[in-house]
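These notes concern the structure reproduced below.
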Amino acid sequence: MKDLLTRQKALQKSTVSVIGLGYVGLTTAVVFAKNGIPVVGYEIDPKRAQKIREGAVPFEEPMVKELLKESLKAGTFKVDEKISKLSDIVFLTVGTPSDKRDGGIDLTFVKSVSKMIGEVLRSSDKLVDYPVVVVKSTVVPGTTENTVKPIIEEASGKKVGCDFGLAVNPEFLKEGAAVQDMFEPDRIVIGEFDKRSGDTLERFYQWFYEKKMPPVVRTNLVNAEFIKYASNAFLATKISFINSIANIAQKTPGADVSIIAEGIGLDNRIGRKFLNAGLGYGGSCFPKDVRALIAFSKQARYSPVLLDAVDSINQNQGSVAVKMIDEVFEGNGGSKGKTIAVLGLAFKPNTDDIREAVSIRIIKQLLSSGAKLKVYDPVAMPNVEMEFGNSLTYSKSSLEAIEDSDCAIIVTEWDEFKKLEPKDYFERMKTPIIIDGRRIYDSEKFGKALKFKAIGLGQ
Ligand code: UDX
C-alpha cells in the first residue's frame with residue numbers, strides 16, 4: 001500500500017510531453033501512458049494527429065496499437081497539434097533526416113520545435129516548476145548545446161539551469177521490437193546540462209522501471225549525443241567487418257563465414273551478436289547515422305577512414321550478390337532475359353520498411369542488366385510496388401515467385417523462406433539455382449540437391 005502511494009505521488013509529480021509523434025515519439029508516449037503517466041503527445045500534422053486520436057498507428061510496430069488504444073481509453077494519453085503548456089519532462093522526438101548534400105543531418109524540425117518550446121516558456125504563468133527539455137532525437141555531438149539551447153533561450157527570454165532544464169536521452173529502439181526495448185533497455189544514457197535535470201530524469205526512470213532499473217550512464221550533453229552515434233556505428237562496423245570476412249571466405253575453397261562467426265563470437269570480448277554475414281545493413285538508422293558521423297567527423301577535420309570503409313563495404317554488398325548471379329549465368333548469355341525470383345524486400349524481417357533496403361539496389365542492378373524479376377515479400381510488397389510499378393512481377397507467395405524461374409535469391413531472412421526445402425525449389429524452378437544472401441539454409445543439404453551459392457561460402 002505504501003508502495004502504491006509512493007508511486008502515485010511520484011506519478012503526480014511527473015507529467016510528460018512528447019513532441020513529434022513519429023515512430024520513436026509515439027512508441028515512447030504510449031509505453032509511458034500505458035503505465036499511468038499522464039502524457040501529452042504533440043503532432044504538427046493535423047491529419048496524423050487525428051488518426052492517432054482515433055487509435056490508428058501510422059506505422060507497423062508490434063504492440064503499439066494496443067498500448068495506444070488502452071492509454072486513450074484510460075485517459076492517460078492525449079494528442080494535441082499545438083504546444084500550449086509544458087510538462088515536467090518534455091521529450092523532443094522529431095526526425096533528423098539525412099541531408100542529401102553531405103550525409104549530415106537536417107535540423108529543421110529540431111530548430112522549429114525548440115523555438116516553439118521557447119515561446120511557450122516565455123509565458124511564465126504556463127510554467128511547471130522546472131520543465132526539463134530532453135532531446136531524444138538523434139543529433140550530432142554539440143547540437144543540444146549549440147543549437148537547441150540558444151534557440152530556446154532566445155525565444156523564451158529565460159535561462160537554462162535557472163528557469164528550465166536541458167538533457168539528452170538517446171533511444172536505442174529496434175524496429176519490430178521497440179516496445180520490448182522500451183521495457184527492457186540495456187542501459188539508460190542521460191546527458192545533462194545541469195544536475196537538477198539529470199536527477200529529474202533519473203528519478204522518473206527509477207519510478208518507471210523500479211526493480212528492473214537498467215544501468216544508468218550520467219554524463220554531459222555531448223557525450224550522450226556521441227554515445228548514440230558510436231553505438232550504431234559500432235554495430236554497423238561489426239556487420240561490415242563480418243561481411244568483409246565473408247567476401248574473403250567466399251573466395252577460399254572450404255571456408256564458411258557462418259562457422260567463422262560462431263568461432264570468433266564465442267570470445268567474450270567479441271560476442272556473437274551482429275556477426276550475421278549477408279547483404280548488409282539497411283533501415284532508417286544505421287546508414288543515416290554512419291553517414292552523419294562521417295560528415296561530422298570531416299567537419300571536425302578528422303578523416304574517418306574506418307567509417308568510410310564500413311559504409312562503402314555496406315553499399316557494395318548488394319553488388320556481391322548480383323555478381324554471383326552473373327557468374328552463374330556466365331557463358332549462358334548472362335542474366336539478360338533470365339527470370340530471377342527475389343525473395344524478401346524489407347530491410348530486415350518482420351517489418352514492411354524498405355528504407356535503404358539492399359533489395360532496392362539489387363533490383364535496380366538486375367533490371368539494368370535485362371533480367372526479369374519476380375519479387376515476393378510477406379508485407380513489404382506495396383512499398384516496393386510504389387517505387388517500381390509494373391517493371392516487376394509481384395508474386396503472391398514465395399512458391400509462386402520461384403515457379404519457372406532460373407535463379408532465386410534470398411534477400412531478407414523471413415521465417416517463411418527458412419521453411420522451404422530443397423525439393424520446393426527443385427520441383428518448381430526452371431533451373432534450380434539458389435543464391436543465399438542471408439545464410440538461412442544448411443549449405444550441405446541444399447548443396448547436394450541443387451546448385452547452391454551463398455554469401456561467405458567458399459566453393
Ligand atoms: C538499429 C539499432 O539496432 C537500434 O538500436 C537503433 O536505435 C536503430 O537502428 P533497426 O534499424 O531497427 O535498429 O534494425 P537492426 O535489427 O539493428 O538491424 C539493422 C540492419 O542490420 C538490418 O538491415 C539487418 O538485416 C542488419 N544486420 C543485423 C545484419 O546484416 N547482420 C547482423 O548480424 C545484424
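Ordered as shown in the C-alpha cells, chains take letters A, B, and onward, while each chain numbers its residues from 1 and ligands are numbered from 1 in the order shown.
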Which of range 64-214 of chain A counts as helix (DSSP H, G or I) under DSSP, as a PyMOL selection string please?
chain A and resi 64-74+108-122+124-126+143-156+178-183+195-212
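Residues of protein or nucleic acid lying within 6 Å of ligand 1, counting only C-alpha atoms and all ligand atoms, are Glu171, Phe172, Leu173, Lys174, Glu175, Ile239, Phe274, Leu275, Asn276, Ala277, Gly278, Gly280, Tyr281, Gly282, Gly283, Ser284, Cys285, Phe286, Phe347 and Lys348 of chain A.
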Name all residues at most 12 Å from Phe32 in chain A (count only C-alpha atoms; drop same-chain ones fewer than 3 positions away) and give them as a PyMOL selection string.
chain A and resi 11+14-18+25-29+35-41+64+67-68+70-71+76-77+89+91+179+182-183+204-205+207-209
Could you write out the selected residues, including N, CA and C atoms, as a tab-separated table (two decimals), in the first residue's frame?
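Saved to selection25.tsv:
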chain	number	residue	atom	x	y	z
A	11	LEU	N	4.01	9.80	-9.48
A	11	LEU	CA	3.24	9.96	-10.72
A	11	LEU	C	2.68	11.37	-10.83
A	14	SER	N	5.34	13.79	-11.92
A	14	SER	CA	5.91	13.81	-13.27
A	14	SER	C	4.87	13.72	-14.36
A	15	THR	N	4.74	14.81	-15.09
A	15	THR	CA	3.93	14.73	-16.30
A	15	THR	C	4.90	14.80	-17.48
A	16	VAL	N	4.45	14.27	-18.59
A	16	VAL	CA	5.36	14.15	-19.73
A	16	VAL	C	4.74	14.72	-20.99
A	17	SER	N	5.54	15.46	-21.75
A	17	SER	CA	5.14	15.86	-23.11
A	17	SER	C	6.08	15.13	-24.07
A	18	VAL	N	5.52	14.71	-25.19
A	18	VAL	CA	6.36	14.10	-26.23
A	18	VAL	C	6.09	14.88	-27.51
A	25	GLY	N	8.61	8.77	-31.09
A	25	GLY	CA	7.77	9.57	-30.21
A	25	GLY	C	6.52	8.83	-29.78
A	26	LEU	N	5.80	8.27	-30.73
A	26	LEU	CA	4.54	7.61	-30.38
A	26	LEU	C	4.79	6.37	-29.54
A	27	THR	N	5.82	5.60	-29.91
A	27	THR	CA	6.12	4.39	-29.13
A	27	THR	C	6.46	4.78	-27.69
A	28	THR	N	7.33	5.77	-27.53
A	28	THR	CA	7.71	6.22	-26.19
A	28	THR	C	6.49	6.70	-25.42
A	29	ALA	N	5.67	7.51	-26.08
A	29	ALA	CA	4.50	8.10	-25.42
A	29	ALA	C	3.54	7.04	-24.91
A	35	ASN	N	1.51	2.98	-18.56
A	35	ASN	CA	1.90	2.73	-17.18
A	35	ASN	C	1.42	3.83	-16.23
A	36	GLY	N	0.44	4.59	-16.67
A	36	GLY	CA	-0.21	5.54	-15.78
A	36	GLY	C	0.38	6.93	-15.77
A	37	ILE	N	1.41	7.16	-16.57
A	37	ILE	CA	2.00	8.52	-16.58
A	37	ILE	C	1.15	9.40	-17.51
A	38	PRO	N	0.76	10.58	-17.05
A	38	PRO	CA	-0.01	11.46	-17.94
A	38	PRO	C	0.88	12.02	-19.05
A	39	VAL	N	0.55	11.66	-20.28
A	39	VAL	CA	1.39	12.07	-21.41
A	39	VAL	C	0.56	12.88	-22.40
A	40	VAL	N	1.12	14.01	-22.83
A	40	VAL	CA	0.51	14.73	-23.95
A	40	VAL	C	1.47	14.62	-25.12
A	41	GLY	N	0.96	14.11	-26.24
A	41	GLY	CA	1.78	13.99	-27.44
A	41	GLY	C	1.44	15.12	-28.39
A	64	VAL	N	2.17	-1.45	-30.39
A	64	VAL	CA	1.94	-0.01	-30.23
A	64	VAL	C	0.45	0.32	-30.31
A	67	LEU	N	-1.31	-0.60	-27.05
A	67	LEU	CA	-0.96	0.34	-25.98
A	67	LEU	C	-1.62	1.70	-26.20
A	68	LEU	N	-1.69	2.11	-27.46
A	68	LEU	CA	-2.32	3.39	-27.79
A	68	LEU	C	-3.79	3.36	-27.39
A	70	GLU	N	-5.35	1.40	-25.29
A	70	GLU	CA	-5.53	1.32	-23.83
A	70	GLU	C	-5.32	2.68	-23.17
A	71	SER	N	-4.27	3.39	-23.60
A	71	SER	CA	-3.97	4.64	-22.90
A	71	SER	C	-4.93	5.76	-23.30
A	76	THR	N	-4.87	8.55	-20.16
A	76	THR	CA	-3.51	8.95	-19.78
A	76	THR	C	-2.75	9.54	-20.98
A	77	PHE	N	-3.31	9.37	-22.19
A	77	PHE	CA	-2.61	9.90	-23.36
A	77	PHE	C	-3.54	10.82	-24.15
A	89	ILE	N	8.59	16.89	-17.81
A	89	ILE	CA	9.62	16.39	-18.73
A	89	ILE	C	9.09	16.53	-20.16
A	91	PHE	N	9.95	15.58	-23.84
A	91	PHE	CA	10.81	14.83	-24.76
A	91	PHE	C	10.67	15.39	-26.17
A	179	VAL	N	8.79	-1.79	-28.48
A	179	VAL	CA	8.11	-1.77	-27.19
A	179	VAL	C	8.91	-2.59	-26.17
A	182	MET	N	11.78	-0.70	-25.05
A	182	MET	CA	11.41	0.35	-24.08
A	182	MET	C	11.31	-0.23	-22.67
A	183	PHE	N	10.74	-1.43	-22.59
A	183	PHE	CA	10.54	-2.03	-21.27
A	183	PHE	C	11.82	-2.64	-20.71
A	204	PHE	N	12.61	9.81	-12.64
A	204	PHE	CA	11.47	9.40	-13.48
A	204	PHE	C	11.65	7.95	-13.94
A	205	TYR	N	12.83	7.65	-14.44
A	205	TYR	CA	13.08	6.28	-14.92
A	205	TYR	C	13.08	5.29	-13.76
A	207	TRP	N	11.31	5.43	-11.12
A	207	TRP	CA	9.91	5.15	-10.84
A	207	TRP	C	9.36	4.18	-11.88
A	208	PHE	N	9.69	4.44	-13.12
A	208	PHE	CA	9.12	3.65	-14.22
A	208	PHE	C	9.61	2.20	-14.18
A	209	TYR	N	10.90	1.99	-13.98
A	209	TYR	CA	11.47	0.63	-14.07
A	209	TYR	C	11.52	-0.10	-12.73
Just give me the gap between CA of Gly331 in chain A and CA of Leu367 in chain A in Å, one decimal is fine.
19.4 Å
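You can rank A:Pro422, A:Gly104, A:Gly447, A:Gly389 by their closest distance to Thr138 in chain A using only C-alpha atoms, and at the top of that list sits A:Gly104.
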All residues 8 Å or closer to Lys288 in chain A, only C-alpha atoms, same chain fewer than 3 positions away omitted, as an NGL selection string:
:A and (97-98 or 103 or 284-285 or 291-292)
Please provide the set of residues having any atom within 12 Å of Val132 in chain A, restricted to only C-alpha atoms, with same-chain residues fewer than 5 positions apart removed, written as a VMD selection string.
chain A and resid 14 to 18 86 to 92 117 121 127 149 152 160 to 169 192 to 202 204
Could you pull out the strand (DSSP E) residues of range 119-243 of chain A, going by DSSP on the backbone, and write them as a PyMOL selection string?
chain A and resi 132-135+165-168+188-192+216-219
Mind writing the picked residues with C-alpha atoms as an mmCIF file, in the first residue's frame?
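Now in part_37.cif:
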data_model
loop_
_atom_site.group_PDB
_atom_site.id
_atom_site.type_symbol
_atom_site.label_atom_id
_atom_site.label_comp_id
_atom_site.auth_asym_id
_atom_site.auth_seq_id
_atom_site.Cartn_x
_atom_site.Cartn_y
_atom_site.Cartn_z
ATOM 1 C CA VAL A 132 13.260 19.690 -18.338
ATOM 2 C CA VAL A 133 13.636 19.646 -22.117
ATOM 3 C CA VAL A 134 15.035 16.285 -23.146
ATOM 4 C CA VAL A 135 16.445 15.739 -26.634
ATOM 5 C CA GLY A 165 16.462 22.174 -17.566
ATOM 6 C CA LEU A 166 18.118 20.564 -20.555
ATOM 7 C CA ALA A 167 19.189 16.969 -21.159
ATOM 8 C CA VAL A 168 19.934 14.428 -23.866
ATOM 9 C CA ILE A 188 19.798 4.497 -19.935
ATOM 10 C CA VAL A 189 22.023 7.314 -21.083
ATOM 11 C CA ILE A 190 21.415 10.718 -19.545
ATOM 12 C CA GLY A 191 23.395 13.681 -20.770
ATOM 13 C CA GLU A 192 22.693 16.668 -18.566
ATOM 14 C CA VAL A 216 22.446 4.464 -15.963
ATOM 15 C CA VAL A 217 25.236 6.468 -17.560
ATOM 16 C CA ARG A 218 25.133 10.098 -16.486
ATOM 17 C CA THR A 219 27.313 12.453 -18.398
#
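Atom pair CA of Gln317 in chain A / CA of Glu400 in chain A: separated by 26.7 Å.
Each of A:Ala33, A:Asp256, A:Glu327, A:Asn314 was compared to Glu444 in chain A using only C-alpha atoms, and A:Asp256 turns out to be the nearest.
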One residue among A:Arg122, A:Ile151, A:Pro287, A:Lys338 is nearest to Lys430 in chain A when using only C-alpha atoms, and that residue is A:Lys338
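The nearest approach to Thr147 in chain A among the residues A:Ala309, A:Leu107, A:Ala233, A:Leu392, with only C-alpha atoms taken into account, belongs to A:Leu107.
Using only C-alpha atoms, the protein and nucleic acid residues lying no more than 9 Å from Arg438 in chain A, apart from those fewer than 2 places from it along its own chain, are Asn276, Ala277, Gly278, Leu279, Ile410, Val411, Thr412, Glu413, Ile435, Asp436, Ile440, Tyr441, Ala454 and Ile455 of chain A.
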Contacts of Val290 in chain A at 8 Å (only C-alpha atoms; same-chain gap of 4+ positions) as a PDB file with all heavy atoms, in the first residue's frame:
ATOM      1  N   TYR A 229      25.577   7.784 -31.566  1.00  0.00           N
ATOM      2  CA  TYR A 229      26.242   7.557 -32.862  1.00  0.00           C
ATOM      3  C   TYR A 229      27.275   6.450 -32.775  1.00  0.00           C
ATOM      4  O   TYR A 229      27.403   5.624 -33.678  1.00  0.00           O
ATOM      5  CB  TYR A 229      26.894   8.856 -33.354  1.00  0.00           C
ATOM      6  CG  TYR A 229      25.899   9.746 -34.037  1.00  0.00           C
ATOM      7  CD1 TYR A 229      25.339  10.818 -33.380  1.00  0.00           C
ATOM      8  CD2 TYR A 229      25.494   9.487 -35.342  1.00  0.00           C
ATOM      9  CE1 TYR A 229      24.399  11.628 -33.997  1.00  0.00           C
ATOM     10  CE2 TYR A 229      24.564  10.289 -35.970  1.00  0.00           C
ATOM     11  CZ  TYR A 229      24.012  11.358 -35.292  1.00  0.00           C
ATOM     12  OH  TYR A 229      23.082  12.140 -35.916  1.00  0.00           O
ATOM     13  N   ASN A 232      25.568   2.938 -32.764  1.00  0.00           N
ATOM     14  CA  ASN A 232      25.119   2.487 -34.079  1.00  0.00           C
ATOM     15  C   ASN A 232      26.290   2.256 -35.025  1.00  0.00           C
ATOM     16  O   ASN A 232      26.291   1.306 -35.805  1.00  0.00           O
ATOM     17  CB  ASN A 232      24.118   3.487 -34.672  1.00  0.00           C
ATOM     18  CG  ASN A 232      22.720   3.260 -34.114  1.00  0.00           C
ATOM     19  OD1 ASN A 232      22.499   2.318 -33.348  1.00  0.00           O
ATOM     20  ND2 ASN A 232      21.780   4.103 -34.468  1.00  0.00           N
ATOM     21  N   ALA A 233      27.297   3.117 -34.941  1.00  0.00           N
ATOM     22  CA  ALA A 233      28.453   2.950 -35.828  1.00  0.00           C
ATOM     23  C   ALA A 233      29.207   1.660 -35.486  1.00  0.00           C
ATOM     24  O   ALA A 233      29.704   0.956 -36.366  1.00  0.00           O
ATOM     25  CB  ALA A 233      29.384   4.152 -35.712  1.00  0.00           C
ATOM     26  N   ALA A 236      27.195  -1.261 -36.867  1.00  0.00           N
ATOM     27  CA  ALA A 236      27.363  -1.269 -38.322  1.00  0.00           C
ATOM     28  C   ALA A 236      28.754  -1.783 -38.689  1.00  0.00           C
ATOM     29  O   ALA A 236      28.929  -2.527 -39.666  1.00  0.00           O
ATOM     30  CB  ALA A 236      27.149   0.136 -38.881  1.00  0.00           C
ATOM     31  N   PHE A 286      21.016   2.854 -39.209  1.00  0.00           N
ATOM     32  CA  PHE A 286      22.453   2.611 -39.417  1.00  0.00           C
ATOM     33  C   PHE A 286      23.040   3.401 -40.597  1.00  0.00           C
ATOM     34  O   PHE A 286      24.049   4.106 -40.427  1.00  0.00           O
ATOM     35  CB  PHE A 286      22.738   1.112 -39.602  1.00  0.00           C
ATOM     36  CG  PHE A 286      22.665   0.297 -38.334  1.00  0.00           C
ATOM     37  CD1 PHE A 286      22.775  -1.081 -38.379  1.00  0.00           C
ATOM     38  CD2 PHE A 286      22.503   0.902 -37.099  1.00  0.00           C
ATOM     39  CE1 PHE A 286      22.709  -1.845 -37.219  1.00  0.00           C
ATOM     40  CE2 PHE A 286      22.430   0.157 -35.938  1.00  0.00           C
ATOM     41  CZ  PHE A 286      22.533  -1.218 -36.000  1.00  0.00           C
ATOM     42  N   ILE A 294      30.235  10.363 -40.270  1.00  0.00           N
ATOM     43  CA  ILE A 294      31.308  10.637 -41.235  1.00  0.00           C
ATOM     44  C   ILE A 294      31.348  12.140 -41.543  1.00  0.00           C
ATOM     45  O   ILE A 294      32.409  12.782 -41.475  1.00  0.00           O
ATOM     46  CB  ILE A 294      31.097   9.818 -42.540  1.00  0.00           C
ATOM     47  CG1 ILE A 294      31.357   8.330 -42.274  1.00  0.00           C
ATOM     48  CG2 ILE A 294      31.979  10.342 -43.671  1.00  0.00           C
ATOM     49  CD1 ILE A 294      31.016   7.406 -43.430  1.00  0.00           C
ATOM     50  N   LEU A 307      35.088   4.440 -40.736  1.00  0.00           N
ATOM     51  CA  LEU A 307      33.651   4.591 -41.003  1.00  0.00           C
ATOM     52  C   LEU A 307      33.377   4.663 -42.503  1.00  0.00           C
ATOM     53  O   LEU A 307      32.370   4.145 -42.989  1.00  0.00           O
ATOM     54  CB  LEU A 307      33.102   5.839 -40.302  1.00  0.00           C
ATOM     55  CG  LEU A 307      33.245   5.831 -38.779  1.00  0.00           C
ATOM     56  CD1 LEU A 307      32.791   7.155 -38.190  1.00  0.00           C
ATOM     57  CD2 LEU A 307      32.450   4.682 -38.167  1.00  0.00           C
ATOM     58  N   ASP A 311      30.824   2.054 -44.447  1.00  0.00           N
ATOM     59  CA  ASP A 311      29.757   2.489 -45.350  1.00  0.00           C
ATOM     60  C   ASP A 311      29.962   1.921 -46.752  1.00  0.00           C
ATOM     61  O   ASP A 311      29.030   1.413 -47.379  1.00  0.00           O
ATOM     62  CB  ASP A 311      29.748   4.031 -45.381  1.00  0.00           C
ATOM     63  CG  ASP A 311      28.604   4.583 -46.204  1.00  0.00           C
ATOM     64  OD1 ASP A 311      27.500   4.024 -46.127  1.00  0.00           O
ATOM     65  OD2 ASP A 311      28.807   5.582 -46.916  1.00  0.00           O
TER      66      ASP A 311
END
